[in-house]
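*Asks:* My structure is below; once you've seen it, I'll send some questions.
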Amino acid sequence: MDPRHQRGPYQFQWTINSKTIVEEIEEDEPALRPPEYNLVPLNELGVHIDTDAEIDILALAIHMNPPNEVNTNHGKSLIQEIYLIDPGLKLLRLTMWNRFVHDKCRKISDLILAKPIILETRIKVSSYTGLSLSSRPTSVFIVEPLLSSSVALRTWAAQNDKLLEEIIGNSFGSASSSSTDPIIKVSEITEKLISAPAMARSTYLVRGKFRMVDFHQSFHYVSCENCNKATGYDLGENFICYSCKNAAIARARCRVYLDVYDDTTSTPVVIFGSLTEEILGCTAVDLIDCTDEEHLPYIENIANNIENNEWIIVLGAQMNESGRLRQNKLTVLSVNNVPGTAE
């Protein structure tokens, strides 16, 4: 460790993060029996409205409202609403109360763009403003539970991602920008983000160019071939993905940090997958080893070429619970080359 970052008199420090590979050692001990849940599909909850039944459900979280303080008979309480969906395509609101807002909601908020799977136990089914769900003090919430039914749900979500995005757009006004949306200046985005509410998702349509600032960045990451989540496994290695719970092969996926600019200002963005390859004009495989000085002329040539092209760009913004832009960067969602600018 750099002495400036050491904690105590320790020369070495082990940091565990999302890319750390953790594998269970097989022992000659009897396997523990996993807990059993009586999972109820969202479209079958009607019979449990306003009863004392404690329901277990497994669903995708696809949208969250910001935390909100409400008045109750016992004083002020903090709530946060999460919208759930499952293969029955029934969209329901789950209201989390008090301590769950400070704990589980923050974790779910960090993953909401990935549509995390949530196991909810001992849930109350209410008729308040139509059929809705509510946490109880005894409720338990598990994010991305290790259940066989989670694997099936994640597979369904991956196969129906476009449909889920349409549902999110139609229900919460966060659909991708269309060609009929007005083109704005890059400088206007900063102004709009200042007033954007917490947890809001928004898109912006701009006309501009891309500029590479960091020539020494890593232009790819190793990911699960199914869900594109980063992994610590080596390229080509077979593994069970921690995120989607499926058997996968580790693949290289493009990721690049650029600036988008027009005649007003510039803003940092991140670009993933095939969009990166379209903008840079090369593949993730081409860029795997291009992080040393030997390959710098190749990267400089790519950087010079991308500024020759002008694009119509759809940028996505996701605000966190504090009303700040996640990762301080916009995400490029789609691009269309402006005719006559490609060289």
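Each chain in the structure tokens gets a letter, A, B and so on, in the order shown; residues start at 1 in every chain, and ligands are counted from 1 in the order they appear.
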Give me the residues within 10 Å of stretch 199-205 of chain A as a PDB file with N, CA, C and O atoms, in the first residue's frame, counting only C-alpha atoms and dropping any in the same chain fewer than 3 places off.
*Replies:*
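For reference, result.pdb as written:
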ATOM      1  N   HIS A  63     -38.000   0.550 -10.779  1.00  0.00           N
ATOM      2  CA  HIS A  63     -38.060   2.001 -10.600  1.00  0.00           C
ATOM      3  C   HIS A  63     -38.207   2.316  -9.120  1.00  0.00           C
ATOM      4  O   HIS A  63     -38.789   1.531  -8.362  1.00  0.00           O
ATOM      5  N   MET A  64     -37.663   3.472  -8.706  1.00  0.00           N
ATOM      6  CA  MET A  64     -37.787   3.930  -7.325  1.00  0.00           C
ATOM      7  C   MET A  64     -38.126   5.408  -7.305  1.00  0.00           C
ATOM      8  O   MET A  64     -37.625   6.185  -8.116  1.00  0.00           O
ATOM      9  N   ASN A  65     -38.974   5.782  -6.363  1.00  0.00           N
ATOM     10  CA  ASN A  65     -39.200   7.193  -6.087  1.00  0.00           C
ATOM     11  C   ASN A  65     -38.240   7.639  -4.991  1.00  0.00           C
ATOM     12  O   ASN A  65     -37.754   6.814  -4.212  1.00  0.00           O
ATOM     13  N   PRO A  66     -37.964   8.931  -4.893  1.00  0.00           N
ATOM     14  CA  PRO A  66     -37.099   9.395  -3.807  1.00  0.00           C
ATOM     15  C   PRO A  66     -37.755   9.194  -2.440  1.00  0.00           C
ATOM     16  O   PRO A  66     -38.981   9.072  -2.351  1.00  0.00           O
ATOM     17  N   PRO A  67     -36.962   9.136  -1.379  1.00  0.00           N
ATOM     18  CA  PRO A  67     -37.539   9.021  -0.032  1.00  0.00           C
ATOM     19  C   PRO A  67     -38.458  10.194   0.266  1.00  0.00           C
ATOM     20  O   PRO A  67     -38.264  11.308  -0.233  1.00  0.00           O
ATOM     21  N   SER A 109     -31.147   1.099  -4.702  1.00  0.00           N
ATOM     22  CA  SER A 109     -30.963   2.301  -5.506  1.00  0.00           C
ATOM     23  C   SER A 109     -29.685   2.227  -6.329  1.00  0.00           C
ATOM     24  O   SER A 109     -29.650   2.638  -7.490  1.00  0.00           O
ATOM     25  N   ILE A 112     -30.513  -0.099  -9.354  1.00  0.00           N
ATOM     26  CA  ILE A 112     -31.825  -0.025  -9.988  1.00  0.00           C
ATOM     27  C   ILE A 112     -31.756  -0.059 -11.510  1.00  0.00           C
ATOM     28  O   ILE A 112     -32.652  -0.605 -12.170  1.00  0.00           O
ATOM     29  N   LEU A 113     -30.706   0.485 -12.098  1.00  0.00           N
ATOM     30  CA  LEU A 113     -30.607   0.457 -13.562  1.00  0.00           C
ATOM     31  C   LEU A 113     -30.427  -0.960 -14.083  1.00  0.00           C
ATOM     32  O   LEU A 113     -30.757  -1.246 -15.240  1.00  0.00           O
ATOM     33  N   GLY A 169     -40.575   3.220 -19.518  1.00  0.00           N
ATOM     34  CA  GLY A 169     -40.790   4.481 -20.207  1.00  0.00           C
ATOM     35  C   GLY A 169     -42.238   4.924 -20.178  1.00  0.00           C
ATOM     36  O   GLY A 169     -42.541   6.090 -19.918  1.00  0.00           O
ATOM     37  N   PHE A 172     -43.171   5.634 -16.225  1.00  0.00           N
ATOM     38  CA  PHE A 172     -42.458   6.637 -15.423  1.00  0.00           C
ATOM     39  C   PHE A 172     -41.827   7.739 -16.267  1.00  0.00           C
ATOM     40  O   PHE A 172     -41.025   8.514 -15.767  1.00  0.00           O
ATOM     41  N   GLY A 173     -42.140   7.765 -17.566  1.00  0.00           N
ATOM     42  CA  GLY A 173     -41.659   8.856 -18.406  1.00  0.00           C
ATOM     43  C   GLY A 173     -40.179   8.870 -18.629  1.00  0.00           C
ATOM     44  O   GLY A 173     -39.578   9.930 -18.763  1.00  0.00           O
ATOM     45  N   SER A 174     -39.555   7.681 -18.679  1.00  0.00           N
ATOM     46  CA  SER A 174     -38.105   7.647 -18.872  1.00  0.00           C
ATOM     47  C   SER A 174     -37.718   6.860 -20.100  1.00  0.00           C
ATOM     48  O   SER A 174     -36.682   6.251 -20.156  1.00  0.00           O
ATOM     49  N   ALA A 175     -38.596   6.833 -21.087  1.00  0.00           N
ATOM     50  CA  ALA A 175     -38.268   6.121 -22.315  1.00  0.00           C
ATOM     51  C   ALA A 175     -37.147   6.841 -23.036  1.00  0.00           C
ATOM     52  O   ALA A 175     -36.885   8.017 -22.841  1.00  0.00           O
ATOM     53  N   SER A 176     -36.474   6.109 -23.931  1.00  0.00           N
ATOM     54  CA  SER A 176     -35.379   6.696 -24.690  1.00  0.00           C
ATOM     55  C   SER A 176     -35.891   7.834 -25.552  1.00  0.00           C
ATOM     56  O   SER A 176     -37.020   7.837 -26.020  1.00  0.00           O
ATOM     57  N   SER A 177     -35.022   8.808 -25.779  1.00  0.00           N
ATOM     58  CA  SER A 177     -35.408   9.932 -26.621  1.00  0.00           C
ATOM     59  C   SER A 177     -35.690   9.455 -28.030  1.00  0.00           C
ATOM     60  O   SER A 177     -35.071   8.523 -28.519  1.00  0.00           O
ATOM     61  N   SER A 178     -36.617  10.085 -28.681  1.00  0.00           N
ATOM     62  CA  SER A 178     -36.934   9.748 -30.062  1.00  0.00           C
ATOM     63  C   SER A 178     -36.421  10.841 -30.971  1.00  0.00           C
ATOM     64  O   SER A 178     -35.961  11.898 -30.534  1.00  0.00           O
ATOM     65  N   SER A 179     -36.530  10.578 -32.277  1.00  0.00           N
ATOM     66  CA  SER A 179     -36.037  11.542 -33.245  1.00  0.00           C
ATOM     67  C   SER A 179     -36.859  12.825 -33.238  1.00  0.00           C
ATOM     68  O   SER A 179     -36.445  13.828 -33.810  1.00  0.00           O
ATOM     69  N   THR A 180     -38.043  12.794 -32.618  1.00  0.00           N
ATOM     70  CA  THR A 180     -38.873  13.991 -32.570  1.00  0.00           C
ATOM     71  C   THR A 180     -38.553  14.879 -31.376  1.00  0.00           C
ATOM     72  O   THR A 180     -39.071  15.984 -31.282  1.00  0.00           O
ATOM     73  N   ASP A 181     -37.747  14.399 -30.427  1.00  0.00           N
ATOM     74  CA  ASP A 181     -37.357  15.215 -29.290  1.00  0.00           C
ATOM     75  C   ASP A 181     -36.453  16.359 -29.768  1.00  0.00           C
ATOM     76  O   ASP A 181     -35.650  16.195 -30.694  1.00  0.00           O
ATOM     77  N   PRO A 182     -36.544  17.520 -29.142  1.00  0.00           N
ATOM     78  CA  PRO A 182     -35.710  18.647 -29.577  1.00  0.00           C
ATOM     79  C   PRO A 182     -34.245  18.425 -29.246  1.00  0.00           C
ATOM     80  O   PRO A 182     -33.902  17.878 -28.195  1.00  0.00           O
ATOM     81  N   ILE A 183     -33.386  18.856 -30.167  1.00  0.00           N
ATOM     82  CA  ILE A 183     -31.947  18.805 -29.917  1.00  0.00           C
ATOM     83  C   ILE A 183     -31.569  20.014 -29.075  1.00  0.00           C
ATOM     84  O   ILE A 183     -31.962  21.152 -29.381  1.00  0.00           O
ATOM     85  N   ILE A 184     -30.831  19.770 -28.004  1.00  0.00           N
ATOM     86  CA  ILE A 184     -30.424  20.858 -27.113  1.00  0.00           C
ATOM     87  C   ILE A 184     -28.907  20.981 -27.132  1.00  0.00           C
ATOM     88  O   ILE A 184     -28.192  20.105 -27.624  1.00  0.00           O
ATOM     89  N   LYS A 185     -28.429  22.080 -26.604  1.00  0.00           N
ATOM     90  CA  LYS A 185     -26.988  22.295 -26.481  1.00  0.00           C
ATOM     91  C   LYS A 185     -26.451  21.535 -25.268  1.00  0.00           C
ATOM     92  O   LYS A 185     -27.162  21.325 -24.278  1.00  0.00           O
ATOM     93  N   VAL A 186     -25.178  21.160 -25.346  1.00  0.00           N
ATOM     94  CA  VAL A 186     -24.566  20.428 -24.237  1.00  0.00           C
ATOM     95  C   VAL A 186     -24.600  21.259 -22.960  1.00  0.00           C
ATOM     96  O   VAL A 186     -24.804  20.738 -21.857  1.00  0.00           O
ATOM     97  N   GLU A 188     -26.891  23.107 -21.924  1.00  0.00           N
ATOM     98  CA  GLU A 188     -28.221  23.072 -21.316  1.00  0.00           C
ATOM     99  C   GLU A 188     -28.401  21.863 -20.412  1.00  0.00           C
ATOM    100  O   GLU A 188     -29.233  21.888 -19.492  1.00  0.00           O
ATOM    101  N   ILE A 189     -27.647  20.796 -20.678  1.00  0.00           N
ATOM    102  CA  ILE A 189     -27.790  19.584 -19.871  1.00  0.00           C
ATOM    103  C   ILE A 189     -27.416  19.865 -18.422  1.00  0.00           C
ATOM    104  O   ILE A 189     -28.104  19.443 -17.485  1.00  0.00           O
ATOM    105  N   LYS A 192     -30.187  21.560 -16.668  1.00  0.00           N
ATOM    106  CA  LYS A 192     -31.324  20.672 -16.400  1.00  0.00           C
ATOM    107  C   LYS A 192     -31.016  19.721 -15.252  1.00  0.00           C
ATOM    108  O   LYS A 192     -31.900  19.389 -14.448  1.00  0.00           O
ATOM    109  N   LEU A 193     -29.768  19.273 -15.152  1.00  0.00           N
ATOM    110  CA  LEU A 193     -29.412  18.328 -14.086  1.00  0.00           C
ATOM    111  C   LEU A 193     -29.466  18.980 -12.716  1.00  0.00           C
ATOM    112  O   LEU A 193     -29.717  18.306 -11.707  1.00  0.00           O
ATOM    113  N   ALA A 196     -32.915  18.478 -11.558  1.00  0.00           N
ATOM    114  CA  ALA A 196     -33.468  17.129 -11.672  1.00  0.00           C
ATOM    115  C   ALA A 196     -33.709  16.547 -10.277  1.00  0.00           C
ATOM    116  O   ALA A 196     -32.842  16.640  -9.399  1.00  0.00           O
ATOM    117  N   GLY A 208     -23.281  16.720 -31.635  1.00  0.00           N
ATOM    118  CA  GLY A 208     -21.930  17.092 -31.257  1.00  0.00           C
ATOM    119  C   GLY A 208     -20.908  16.075 -31.704  1.00  0.00           C
ATOM    120  O   GLY A 208     -21.196  15.163 -32.485  1.00  0.00           O
ATOM    121  N   ILE A 312     -25.604  12.668 -33.953  1.00  0.00           N
ATOM    122  CA  ILE A 312     -26.797  12.929 -33.144  1.00  0.00           C
ATOM    123  C   ILE A 312     -26.749  11.908 -32.017  1.00  0.00           C
ATOM    124  O   ILE A 312     -26.754  10.692 -32.257  1.00  0.00           O
ATOM    125  N   ILE A 313     -26.700  12.383 -30.770  1.00  0.00           N
ATOM    126  CA  ILE A 313     -26.381  11.519 -29.630  1.00  0.00           C
ATOM    127  C   ILE A 313     -27.508  11.558 -28.605  1.00  0.00           C
ATOM    128  O   ILE A 313     -27.981  12.643 -28.236  1.00  0.00           O
ATOM    129  N   VAL A 314     -27.930  10.380 -28.151  1.00  0.00           N
ATOM    130  CA  VAL A 314     -28.873  10.288 -27.046  1.00  0.00           C
ATOM    131  C   VAL A 314     -28.081   9.989 -25.774  1.00  0.00           C
ATOM    132  O   VAL A 314     -27.389   8.969 -25.682  1.00  0.00           O
ATOM    133  N   LEU A 315     -28.169  10.884 -24.805  1.00  0.00           N
ATOM    134  CA  LEU A 315     -27.448  10.754 -23.539  1.00  0.00           C
ATOM    135  C   LEU A 315     -28.436  10.438 -22.418  1.00  0.00           C
ATOM    136  O   LEU A 315     -29.503  11.050 -22.334  1.00  0.00           O
ATOM    137  N   GLY A 316     -28.075   9.491 -21.565  1.00  0.00           N
ATOM    138  CA  GLY A 316     -28.912   9.124 -20.433  1.00  0.00           C
ATOM    139  C   GLY A 316     -28.313   9.608 -19.129  1.00  0.00           C
ATOM    140  O   GLY A 316     -27.094   9.582 -18.939  1.00  0.00           O
ATOM    141  N   ALA A 317     -29.177  10.058 -18.225  1.00  0.00           N
ATOM    142  CA  ALA A 317     -28.738  10.519 -16.902  1.00  0.00           C
ATOM    143  C   ALA A 317     -29.553   9.802 -15.837  1.00  0.00           C
ATOM    144  O   ALA A 317     -30.766   9.655 -15.968  1.00  0.00           O
ATOM    145  N   GLN A 318     -28.889   9.353 -14.786  1.00  0.00           N
ATOM    146  CA  GLN A 318     -29.549   8.727 -13.647  1.00  0.00           C
ATOM    147  C   GLN A 318     -29.088   9.444 -12.393  1.00  0.00           C
ATOM    148  O   GLN A 318     -27.884   9.485 -12.091  1.00  0.00           O
ATOM    149  N   MET A 319     -30.029  10.021 -11.652  1.00  0.00           N
ATOM    150  CA  MET A 319     -29.696  10.731 -10.423  1.00  0.00           C
ATOM    151  C   MET A 319     -29.759   9.769  -9.244  1.00  0.00           C
ATOM    152  O   MET A 319     -30.572   8.831  -9.226  1.00  0.00           O
ATOM    153  N   ASN A 320     -28.907   9.993  -8.248  1.00  0.00           N
ATOM    154  CA  ASN A 320     -28.931   9.144  -7.066  1.00  0.00           C
ATOM    155  C   ASN A 320     -29.867   9.721  -6.003  1.00  0.00           C
ATOM    156  O   ASN A 320     -30.595  10.683  -6.255  1.00  0.00           O
ATOM    157  N   GLU A 321     -29.854   9.128  -4.819  1.00  0.00           N
ATOM    158  CA  GLU A 321     -30.765   9.558  -3.754  1.00  0.00           C
ATOM    159  C   GLU A 321     -30.504  10.991  -3.310  1.00  0.00           C
ATOM    160  O   GLU A 321     -31.395  11.649  -2.778  1.00  0.00           O
ATOM    161  N   SER A 322     -29.279  11.468  -3.525  1.00  0.00           N
ATOM    162  CA  SER A 322     -28.940  12.828  -3.109  1.00  0.00           C
ATOM    163  C   SER A 322     -29.184  13.843  -4.210  1.00  0.00           C
ATOM    164  O   SER A 322     -28.871  15.024  -4.053  1.00  0.00           O
ATOM    165  N   GLY A 323     -29.738  13.377  -5.338  1.00  0.00           N
ATOM    166  CA  GLY A 323     -29.999  14.285  -6.442  1.00  0.00           C
ATOM    167  C   GLY A 323     -28.766  14.617  -7.247  1.00  0.00           C
ATOM    168  O   GLY A 323     -28.735  15.627  -7.959  1.00  0.00           O
ATOM    169  N   ARG A 324     -27.742  13.764  -7.175  1.00  0.00           N
ATOM    170  CA  ARG A 324     -26.518  13.983  -7.942  1.00  0.00           C
ATOM    171  C   ARG A 324     -26.411  12.942  -9.055  1.00  0.00           C
ATOM    172  O   ARG A 324     -26.915  11.834  -8.940  1.00  0.00           O
ATOM    173  N   LEU A 325     -25.729  13.308 -10.116  1.00  0.00           N
ATOM    174  CA  LEU A 325     -25.563  12.418 -11.256  1.00  0.00           C
ATOM    175  C   LEU A 325     -24.698  11.234 -10.868  1.00  0.00           C
ATOM    176  O   LEU A 325     -23.597  11.403 -10.331  1.00  0.00           O
ATOM    177  N   ARG A 326     -25.190  10.038 -11.128  1.00  0.00           N
ATOM    178  CA  ARG A 326     -24.433   8.832 -10.794  1.00  0.00           C
ATOM    179  C   ARG A 326     -23.103   8.817 -11.551  1.00  0.00           C
ATOM    180  O   ARG A 326     -23.049   9.024 -12.756  1.00  0.00           O
ATOM    181  N   LEU A 330     -22.586  11.083 -17.890  1.00  0.00           N
ATOM    182  CA  LEU A 330     -23.742  10.671 -18.668  1.00  0.00           C
ATOM    183  C   LEU A 330     -23.388   9.401 -19.430  1.00  0.00           C
ATOM    184  O   LEU A 330     -22.214   9.132 -19.702  1.00  0.00           O
ATOM    185  N   THR A 331     -24.392   8.621 -19.777  1.00  0.00           N
ATOM    186  CA  THR A 331     -24.185   7.397 -20.549  1.00  0.00           C
ATOM    187  C   THR A 331     -24.715   7.593 -21.957  1.00  0.00           C
ATOM    188  O   THR A 331     -25.838   8.081 -22.145  1.00  0.00           O
ATOM    189  N   VAL A 332     -23.912   7.229 -22.948  1.00  0.00           N
ATOM    190  CA  VAL A 332     -24.356   7.309 -24.339  1.00  0.00           C
ATOM    191  C   VAL A 332     -25.266   6.112 -24.610  1.00  0.00           C
ATOM    192  O   VAL A 332     -24.856   4.956 -24.483  1.00  0.00           O
ATOM    193  N   LEU A 333     -26.518   6.387 -24.987  1.00  0.00           N
ATOM    194  CA  LEU A 333     -27.502   5.338 -25.231  1.00  0.00           C
ATOM    195  C   LEU A 333     -27.602   4.954 -26.699  1.00  0.00           C
ATOM    196  O   LEU A 333     -27.877   3.791 -27.024  1.00  0.00           O
ATOM    197  N   SER A 334     -27.421   5.924 -27.596  1.00  0.00           N
ATOM    198  CA  SER A 334     -27.451   5.631 -29.027  1.00  0.00           C
ATOM    199  C   SER A 334     -26.794   6.782 -29.775  1.00  0.00           C
ATOM    200  O   SER A 334     -26.693   7.905 -29.269  1.00  0.00           O
ATOM    201  N   VAL A 335     -26.340   6.496 -31.004  1.00  0.00           N
ATOM    202  CA  VAL A 335     -25.738   7.513 -31.846  1.00  0.00           C
ATOM    203  C   VAL A 335     -26.173   7.311 -33.293  1.00  0.00           C
ATOM    204  O   VAL A 335     -26.465   6.183 -33.708  1.00  0.00           O
TER     205      VAL A 335
END
*Asks:* Would you kindly return, as a compact mmCIF listing (two decimals) with N, CA, C and O atoms, in the first residue's frame, each protein, DNA or RNA residue with an atom no farther than 9 Å from any atom of stretch 249-263 of chain A, considering only C-alpha atoms and excluding same-chain residues fewer than 5 positions away?
*Replies:*
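Okay, selection_16.txt is ready:
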# COMPACT_ATOMS: atom_id res chain seq x y z
N LYS A 185 -28.43 22.08 -26.60
CA LYS A 185 -26.99 22.30 -26.48
C LYS A 185 -26.45 21.53 -25.27
O LYS A 185 -27.16 21.33 -24.28
N VAL A 186 -25.18 21.16 -25.35
CA VAL A 186 -24.57 20.43 -24.24
C VAL A 186 -24.60 21.26 -22.96
O VAL A 186 -24.80 20.74 -21.86
N SER A 187 -24.44 22.56 -23.08
CA SER A 187 -24.46 23.42 -21.90
C SER A 187 -25.81 23.39 -21.19
O SER A 187 -25.88 23.62 -19.97
N VAL A 206 -28.55 15.53 -28.28
CA VAL A 206 -27.61 16.60 -28.64
C VAL A 206 -26.98 16.29 -29.99
O VAL A 206 -26.98 15.14 -30.45
N ARG A 207 -26.44 17.31 -30.58
CA ARG A 207 -25.64 17.16 -31.81
C ARG A 207 -24.23 17.62 -31.48
O ARG A 207 -24.02 18.77 -31.06
N GLY A 208 -23.28 16.72 -31.64
CA GLY A 208 -21.93 17.09 -31.26
C GLY A 208 -20.91 16.07 -31.70
O GLY A 208 -21.20 15.16 -32.49
N LYS A 209 -19.70 16.23 -31.19
CA LYS A 209 -18.59 15.35 -31.51
C LYS A 209 -18.03 14.73 -30.23
O LYS A 209 -18.31 15.21 -29.12
N PHE A 210 -17.24 13.68 -30.43
CA PHE A 210 -16.58 13.03 -29.30
C PHE A 210 -15.10 13.41 -29.29
O PHE A 210 -14.47 13.57 -30.34
N ARG A 211 -14.56 13.55 -28.09
CA ARG A 211 -13.15 13.85 -27.91
C ARG A 211 -12.56 12.91 -26.87
O ARG A 211 -13.14 12.72 -25.80
N MET A 212 -11.42 12.34 -27.16
CA MET A 212 -10.73 11.49 -26.19
C MET A 212 -9.74 12.34 -25.40
O MET A 212 -8.90 13.03 -25.98
N VAL A 213 -9.86 12.27 -24.07
CA VAL A 213 -8.99 13.05 -23.19
C VAL A 213 -7.92 12.16 -22.57
O VAL A 213 -6.74 12.54 -22.48
N ASP A 214 -8.32 10.97 -22.14
CA ASP A 214 -7.39 10.05 -21.48
C ASP A 214 -6.95 8.97 -22.46
O ASP A 214 -7.71 8.07 -22.81
N GLN A 217 -6.36 5.14 -20.65
CA GLN A 217 -7.43 4.39 -19.99
C GLN A 217 -7.49 2.97 -20.51
O GLN A 217 -7.00 2.65 -21.60
N SER A 218 -8.11 2.10 -19.75
CA SER A 218 -8.38 0.75 -20.23
C SER A 218 -9.65 0.80 -21.07
O SER A 218 -10.69 1.27 -20.61
N PHE A 219 -9.56 0.33 -22.30
CA PHE A 219 -10.67 0.47 -23.23
C PHE A 219 -11.61 -0.73 -23.23
O PHE A 219 -12.47 -0.85 -24.09
N HIS A 220 -11.45 -1.60 -22.28
CA HIS A 220 -12.34 -2.76 -22.19
C HIS A 220 -12.37 -3.23 -20.75
O HIS A 220 -11.55 -2.81 -19.91
N TYR A 221 -13.33 -4.07 -20.44
CA TYR A 221 -13.33 -4.78 -19.17
C TYR A 221 -13.79 -6.21 -19.44
O TYR A 221 -14.42 -6.49 -20.46
N VAL A 222 -13.46 -7.10 -18.54
CA VAL A 222 -13.84 -8.50 -18.68
C VAL A 222 -15.20 -8.68 -18.03
O VAL A 222 -15.40 -8.29 -16.88
N SER A 223 -16.14 -9.26 -18.78
CA SER A 223 -17.52 -9.30 -18.31
C SER A 223 -18.16 -10.64 -18.57
O SER A 223 -17.65 -11.48 -19.33
N CYS A 224 -19.30 -10.84 -17.92
CA CYS A 224 -20.15 -12.00 -18.18
C CYS A 224 -20.76 -11.83 -19.57
O CYS A 224 -21.29 -10.76 -19.90
N GLU A 225 -20.72 -12.88 -20.38
CA GLU A 225 -21.27 -12.78 -21.73
C GLU A 225 -22.79 -12.67 -21.74
O GLU A 225 -23.38 -12.28 -22.75
N ASN A 226 -23.45 -12.99 -20.62
CA ASN A 226 -24.91 -12.95 -20.56
C ASN A 226 -25.44 -11.60 -20.11
O ASN A 226 -26.35 -11.04 -20.74
N ASN A 228 -23.29 -8.83 -19.04
CA ASN A 228 -22.30 -7.76 -19.24
C ASN A 228 -21.76 -7.17 -17.95
O ASN A 228 -21.07 -6.14 -17.99
N ALA A 230 -19.20 -6.82 -14.85
CA ALA A 230 -17.77 -7.05 -14.73
C ALA A 230 -17.49 -8.27 -13.86
O ALA A 230 -18.23 -8.57 -12.92
N THR A 231 -16.40 -8.96 -14.17
CA THR A 231 -16.00 -10.12 -13.40
C THR A 231 -14.49 -10.14 -13.24
O THR A 231 -13.76 -9.51 -14.03
N GLY A 232 -14.01 -10.82 -12.23
CA GLY A 232 -12.57 -10.94 -12.01
C GLY A 232 -11.96 -12.13 -12.69
O GLY A 232 -10.75 -12.36 -12.59
N TYR A 233 -12.75 -12.93 -13.41
CA TYR A 233 -12.22 -14.10 -14.12
C TYR A 233 -11.43 -13.66 -15.35
O TYR A 233 -11.60 -12.56 -15.87
N ASP A 234 -10.58 -14.55 -15.83
CA ASP A 234 -9.77 -14.26 -17.00
C ASP A 234 -10.55 -14.47 -18.29
O ASP A 234 -11.53 -15.22 -18.33
N LEU A 235 -10.11 -13.81 -19.35
CA LEU A 235 -10.76 -13.94 -20.65
C LEU A 235 -10.85 -15.40 -21.07
O LEU A 235 -9.88 -16.16 -20.97
N GLY A 236 -12.03 -15.80 -21.52
CA GLY A 236 -12.24 -17.16 -21.99
C GLY A 236 -12.51 -18.17 -20.90
O GLY A 236 -12.82 -19.33 -21.20
N GLU A 237 -12.46 -17.75 -19.64
CA GLU A 237 -12.65 -18.68 -18.53
C GLU A 237 -14.14 -18.93 -18.29
O GLU A 237 -14.96 -18.02 -18.39
N ASN A 238 -14.49 -20.18 -18.01
CA ASN A 238 -15.87 -20.54 -17.67
C ASN A 238 -16.12 -20.29 -16.19
O ASN A 238 -15.27 -20.60 -15.35
N PHE A 239 -17.29 -19.75 -15.85
CA PHE A 239 -17.59 -19.45 -14.46
C PHE A 239 -19.10 -19.31 -14.28
O PHE A 239 -19.85 -19.25 -15.26
N ILE A 240 -19.52 -19.28 -13.03
CA ILE A 240 -20.91 -18.97 -12.69
C ILE A 240 -20.96 -17.50 -12.29
O ILE A 240 -20.31 -17.09 -11.34
N CYS A 241 -21.75 -16.72 -13.04
CA CYS A 241 -21.79 -15.27 -12.81
C CYS A 241 -22.48 -14.96 -11.49
O CYS A 241 -23.57 -15.46 -11.20
N PRO A 268 -18.38 14.96 -19.73
CA PRO A 268 -17.84 13.60 -19.77
C PRO A 268 -18.95 12.57 -19.92
O PRO A 268 -20.03 12.71 -19.34
N VAL A 269 -18.65 11.52 -20.68
CA VAL A 269 -19.61 10.45 -20.91
C VAL A 269 -18.90 9.11 -20.85
O VAL A 269 -17.67 9.03 -20.97
N VAL A 270 -19.68 8.05 -20.67
CA VAL A 270 -19.17 6.68 -20.74
C VAL A 270 -19.97 5.94 -21.80
O VAL A 270 -21.18 6.15 -21.94
N ILE A 271 -19.28 5.09 -22.56
CA ILE A 271 -19.91 4.38 -23.67
C ILE A 271 -19.55 2.90 -23.55
O ILE A 271 -18.40 2.56 -23.23
N PHE A 272 -20.52 2.02 -23.81
CA PHE A 272 -20.31 0.59 -23.65
C PHE A 272 -20.59 -0.16 -24.95
O PHE A 272 -21.35 0.27 -25.80
N GLY A 273 -19.96 -1.34 -25.04
CA GLY A 273 -20.31 -2.34 -26.04
C GLY A 273 -20.17 -1.89 -27.47
O GLY A 273 -19.22 -1.21 -27.87
N SER A 274 -21.16 -2.29 -28.29
CA SER A 274 -21.09 -2.05 -29.73
C SER A 274 -21.07 -0.57 -30.08
O SER A 274 -20.53 -0.18 -31.12
N LEU A 275 -21.65 0.28 -29.23
CA LEU A 275 -21.60 1.72 -29.48
C LEU A 275 -20.16 2.22 -29.47
O LEU A 275 -19.77 3.06 -30.28
N THR A 276 -19.37 1.70 -28.53
CA THR A 276 -17.96 2.07 -28.46
C THR A 276 -17.25 1.68 -29.75
O THR A 276 -16.48 2.47 -30.32
N GLU A 277 -17.51 0.47 -30.21
CA GLU A 277 -16.86 0.00 -31.43
C GLU A 277 -17.27 0.82 -32.64
O GLU A 277 -16.47 1.08 -33.53
N THR A 283 -12.66 -2.90 -32.45
CA THR A 283 -13.33 -3.80 -31.53
C THR A 283 -12.62 -3.85 -30.19
O THR A 283 -11.49 -3.37 -30.04
N ALA A 284 -13.29 -4.48 -29.22
CA ALA A 284 -12.69 -4.64 -27.89
C ALA A 284 -11.41 -5.46 -27.98
O ALA A 284 -10.43 -5.20 -27.28
N VAL A 285 -11.41 -6.48 -28.85
CA VAL A 285 -10.22 -7.32 -29.01
C VAL A 285 -9.04 -6.49 -29.52
O VAL A 285 -7.90 -6.67 -29.09
N LEU A 287 -8.39 -3.52 -28.81
CA LEU A 287 -7.95 -2.56 -27.80
C LEU A 287 -7.42 -3.20 -26.52
O LEU A 287 -6.98 -2.49 -25.62
N ILE A 288 -7.48 -4.53 -26.43
CA ILE A 288 -7.15 -5.20 -25.17
C ILE A 288 -5.77 -4.82 -24.65
O ILE A 288 -5.58 -4.53 -23.46
N ILE A 313 -26.70 12.38 -30.77
CA ILE A 313 -26.38 11.52 -29.63
C ILE A 313 -27.51 11.56 -28.61
O ILE A 313 -27.98 12.64 -28.24
*Asks:* From the DSSP assignment of the backbone, select every residue of stretch 137-265 of chain A that is alpha helix (DSSP H), and format the answer as a PyMOL selection string.
*Replies:* chain A and resi 148-159+161-172+186-194
*Asks:* So which residues of stretch 96-243 of chain A fall under strand (DSSP E) by DSSP, listed as a ChimeraX atom specification?
*Replies:* /A:96-97,117-126,132-134,140-143,183-184,201-211,220-224,238-240
